[in-house]
Each structure stands twice: as structure tokens, then as C-alpha cells.
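Beneath this line is the structure, given in C-alpha cells, with notes to follow.
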Amino acid sequence: MKEIRHEPVAPTRTQWLAPGAAIDPHRHDDHQIVYAGRGVLAVTTSTGLWIAPATRAIWVPAGTVHAHQAHGELALHLVGLPASENPLNLAEPAVLTVGPLLCELILAHTDAHTDAPPDESPDSPERARLRAVLLDQLRVSPQQPVHLPTPSSPQLKAVCEILRTNPADNRTLPALGREVGASDRTLSRLFKADLGMTFPQWRTQLRLYRALVLLAEDTPVTTVAHRCGWSSASAFIDVFRRSFGHTPGAHQPRS
């Protein structure tokens with residue numbers, strides 16, 4: 001990672017990022033909710049890559065070094081919370097489901113801060129009520145991660161890099177193991193011990209991440225399916241719907 005900036009206060013605001021734009025690694029003394037109202041957001045931490053389409057928000061605890069990457073034109077909504085206020089009781093990053101009500105609350109809260117006149121108090125009764133309802137909704141939002149944990153084992157790193165380069169690579173774990181010089185038993189154990197998931201689970205997460213990126217770039221659904229390793233568009237749509245609750249077309253800019 002690049003040099004880490006320290007920004008004591010996590011801002012509450014709305015900002016736009018162009019496709020491919022990035023925010024360098026930094027940390028806050030506050031907690032932060034990061035939500036992409038449009039486009040797909042990738043947040044990198046020391047533990048891996050966290051992905052948030054418009055149905056997800058990312059919880060970034062105070063002190064966590066993180067960097068942002070925009071895929072597609074990104075409407076970035078940031079909600080800062082004091083370190084003393086942790087509605088989720090989470091000390092690690094997490095991906096949260098954003099339903100229609102929570103979405104509107106985040107948009108209203110961040111837009112109000114962004115568009116507020118300079119002389120308006122940030123602690124007005126109206127903002128306080130909006131923020132209280134927002135926090136209530138956060139407390140009941142289930143975690144549904146799209147998370148690519150970072151491996152530490154050299155052999156596991158080699159396997160993960162092969163698949164990152166080509167998510168459509170459909171080789172089995174034994175075949176990949178032969179390429180990196182490790183048995184499938186060793187690799188299976190490393191996936192569970194190092195990444196907390198099985199090989200098929202990690203590969204599915206990788207493919208969903210790459211699919212979200214391609215969809216944000218307005219790539220046709222059938223093309224996305226084949227580039228990411230699904231046997232057909234219908235198989236891809238089925239996995240996508242079960243993971244996100246809707247079809248891939250909802251993530252395309254033209255939709």
C-alpha cells in the first residue's frame with residue numbers, strides 16, 4: 001500500500017468518483033459507513049477486498065486502514081460515526097445489506113450534510129432525528145459479505161493469483177495444485193485456515209466480484225457470464241440472484 005494518510009474525522013458527505021478513480025489508503029479515528037448509490041465500490045483493507053454494489057454498504061471500524069476504488073461512475077455516500085458510537089458492535093470490516101429504507105436514509109443524511117448552508121448547525125433537531133433512524137436501521141441490517149480475503153501462504157497466493165488473472169479458469173483444485181507444487185489436501189486446508197472459506201466459496205466470491213465490476217462497465221450479461229467462468233448466462237443469473245436478491249441487469253448503468 002502507499003503512504004497512509006491519517007484523517008482524524010471520518011466525513012459525512014456525498015461525492016462522485018469517475019470510473020477507475022481511487023482514494024489512497026487512509027485511516028480515521030471515527031467509524032465510517034461507506035455506500036455506493038451508483039456504481040460498484042471496492043474497499044481494500046489489510047484483511048482483503050470488500051465489495052459493495054448498490055444493495056450493500058461497508059462498515060469500516062475506527063483505525064482501519066482502507067482505500068477506495070470506483071468501478072463505473074460512483075456515487076459515494078460516507079457516514080462518519082464517533083469511535084464511541086458503534087451501532088453494530090463490530091471491530092472488523094463488514095458488508096451490510098441495504099434495503100430501500102436504509103438506502104433512502106443514507107442518501108438523505110449524506111446529501112443534507114453535503115448541501116447544508118455554512119451557517120446551519122450539524123446538530124440540528126432534524127438531522128438528529130434522521131441520524132437516529134438511520135442508526136436504528138443499521139442495527140438490524142444483516143451482514144451479507146462479498147469479501148475476498150487476502151491469503152498469506154505462498155502456495156495459496158499463487159493459486160489465488162492464477163484465478164484473479166482469469167476467473168473463467170475452471171481447473172479443479174488438484175490441477176491448480178500441480179501447477180503451484182501443492183497437493184489439493186494442503187490447499188483445501190489452507191483455504192479454510194487462511195481464508196475462512198472453502199475453495200469453491202472463494203472462487204464464487206471472486207467471480208461475483210469480477211461480475212460486479214464488468215456490469216458496472218456496462219458489459220452485456222452473457223459476456224460477463226462467460227468471462228467469469230459460468231457455463232451459461234442462466235447459470236450466472238441464478239447464482240447472482242441468490243447472492244444479491246435480484247438479476248445482474250439491475251447493476252448496469254443503462255438499466
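In the C-alpha cells, chains take letters A, B, ... by order of appearance, with residues numbered from 1 within each chain and ligands from 1 in the order shown.
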Apply DSSP to the backbone of this structure and, from stretch 10-248 of chain A, keep only the residues in alpha helix (DSSP H); write these as JSON, numbers by chain.
{"A": [100, 101, 102, 103, 104, 105, 106, 107, 108, 109, 110, 111, 112, 113, 114, 115, 125, 126, 127, 128, 129, 130, 131, 132, 133, 134, 135, 136, 137, 138, 139, 154, 155, 156, 157, 158, 159, 160, 161, 162, 163, 164, 165, 173, 174, 175, 176, 177, 178, 179, 180, 184, 185, 186, 187, 188, 189, 190, 199, 200, 201, 202, 203, 204, 205, 206, 207, 208, 209, 210, 211, 212, 213, 214, 215, 216, 221, 222, 223, 224, 225, 226, 227, 233, 234, 235, 236, 237, 238, 239, 240, 241, 242, 243, 244]}
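Summary of the local environment: counting only C-alpha atoms, residues at most 8 Å from A:Leu187, other than itself and those fewer than 6 positions away along its chain, are Gln155, Leu156, Leu173 and Gly177 of chain A.
Each of A:His147, A:Arg189, A:Arg13, A:Lys157 was checked against A:Arg56 using only C-alpha atoms; the smallest atom-to-atom distance is that of A:His147.
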Which residues of stretch 45-154 of chain A come within 10 Å of stretch 23-34 of chain A, and what is each one's closest atom pair and distance in Å (one decimal), counting only C-alpha atoms, sorted by chain and residue number, as a tab-separated table?
```
residue	atom	partner	partner_atom	distance
A:Thr45	CA	A:Pro25	CA	8.5
A:Ala52	CA	A:Val34	CA	8.6
A:Arg56	CA	A:Val34	CA	9.1
A:Ala57	CA	A:Val34	CA	5.6
A:Ile58	CA	A:Val34	CA	5.1
A:Trp59	CA	A:Ile33	CA	4.9
A:Val60	CA	A:Gln32	CA	5.2
A:Pro61	CA	A:His31	CA	4.6
A:Ala62	CA	A:His31	CA	4.3
A:Gly63	CA	A:His28	CA	5.4
A:Thr64	CA	A:Arg27	CA	5.6
A:Val65	CA	A:Arg27	CA	4.6
A:His66	CA	A:Pro25	CA	5.1
A:Ala67	CA	A:Pro25	CA	4.3
A:His68	CA	A:Ile23	CA	4.9
A:Gln69	CA	A:Ile23	CA	6.6
A:Ala70	CA	A:Ile23	CA	8.8
A:Leu76	CA	A:Val34	CA	7.2
A:His77	CA	A:Val34	CA	6.0
A:Leu78	CA	A:Val34	CA	4.9
A:Val79	CA	A:Ile33	CA	5.0
A:Gly80	CA	A:Gln32	CA	4.5
A:Leu81	CA	A:His31	CA	5.0
A:Pro82	CA	A:Asp30	CA	4.8
A:Ala83	CA	A:Asp30	CA	4.7
A:Ser84	CA	A:Asp30	CA	8.3
A:Glu85	CA	A:His31	CA	8.1
A:Asn86	CA	A:His31	CA	7.6
A:Ala91	CA	A:His31	CA	9.7
A:Pro93	CA	A:Ile33	CA	9.9
A:Ala94	CA	A:Ile33	CA	9.8
A:Val95	CA	A:Val34	CA	9.6
A:Leu96	CA	A:Ile33	CA	9.6
A:Ile106	CA	A:Ile33	CA	9.1
A:Leu138	CA	A:Ile33	CA	9.5
```
Contacts of A:Leu176 at 12 Å or less, counting only C-alpha atoms, minus same-chain residues fewer than 5 places along, as a PyMOL selection string?
chain A and resi 155-163+169-171+181-188+199
Interface rows for stretch 52-110 of chain A against stretch 214-234 of chain A: nearest pair, Å to one decimal, 12 Å, only C-alpha atoms, as CSV:
```
residue,atom,partner,partner_atom,distance
A:Ala52,CA,A:Ala216,CA,11.6
A:Pro53,CA,A:Ala216,CA,9.0
A:Ala54,CA,A:Ala216,CA,10.7
A:Ala70,CA,A:Ala216,CA,9.4
A:His71,CA,A:Ala216,CA,6.0
A:Gly72,CA,A:Ala216,CA,4.8
A:Glu73,CA,A:Ala216,CA,7.9
A:Leu74,CA,A:Ala216,CA,9.3
```
Which is closer to A:Val146 than all the others in A:Gly48, A:Pro200, A:Pro174, A:Pro87, using only C-alpha atoms?
A:Gly48
Which of stretch 99-204 of chain A DSSP labels strand (DSSP E or B), written as number ranges by chain:
A: 143, 147-149
Can I get the selection written as a short mmCIF file (atom, residue, chain, number, x, y, z; two decimals), in the first residue's frame, with C-alpha atoms?
```cif
data_model
loop_
_atom_site.label_atom_id
_atom_site.label_comp_id
_atom_site.auth_asym_id
_atom_site.auth_seq_id
_atom_site.Cartn_x
_atom_site.Cartn_y
_atom_site.Cartn_z
CA GLN A 143 -24.36 -8.98 7.07
CA HIS A 147 -15.38 -10.37 0.55
CA LEU A 148 -12.13 -11.63 -0.94
CA PRO A 149 -9.80 -12.30 1.99
#
```
Nearest residue to A:Ser152 from the set A:Ala22, A:Ile4, A:Leu49, A:Leu190 (distances using only C-alpha atoms):
A:Leu190
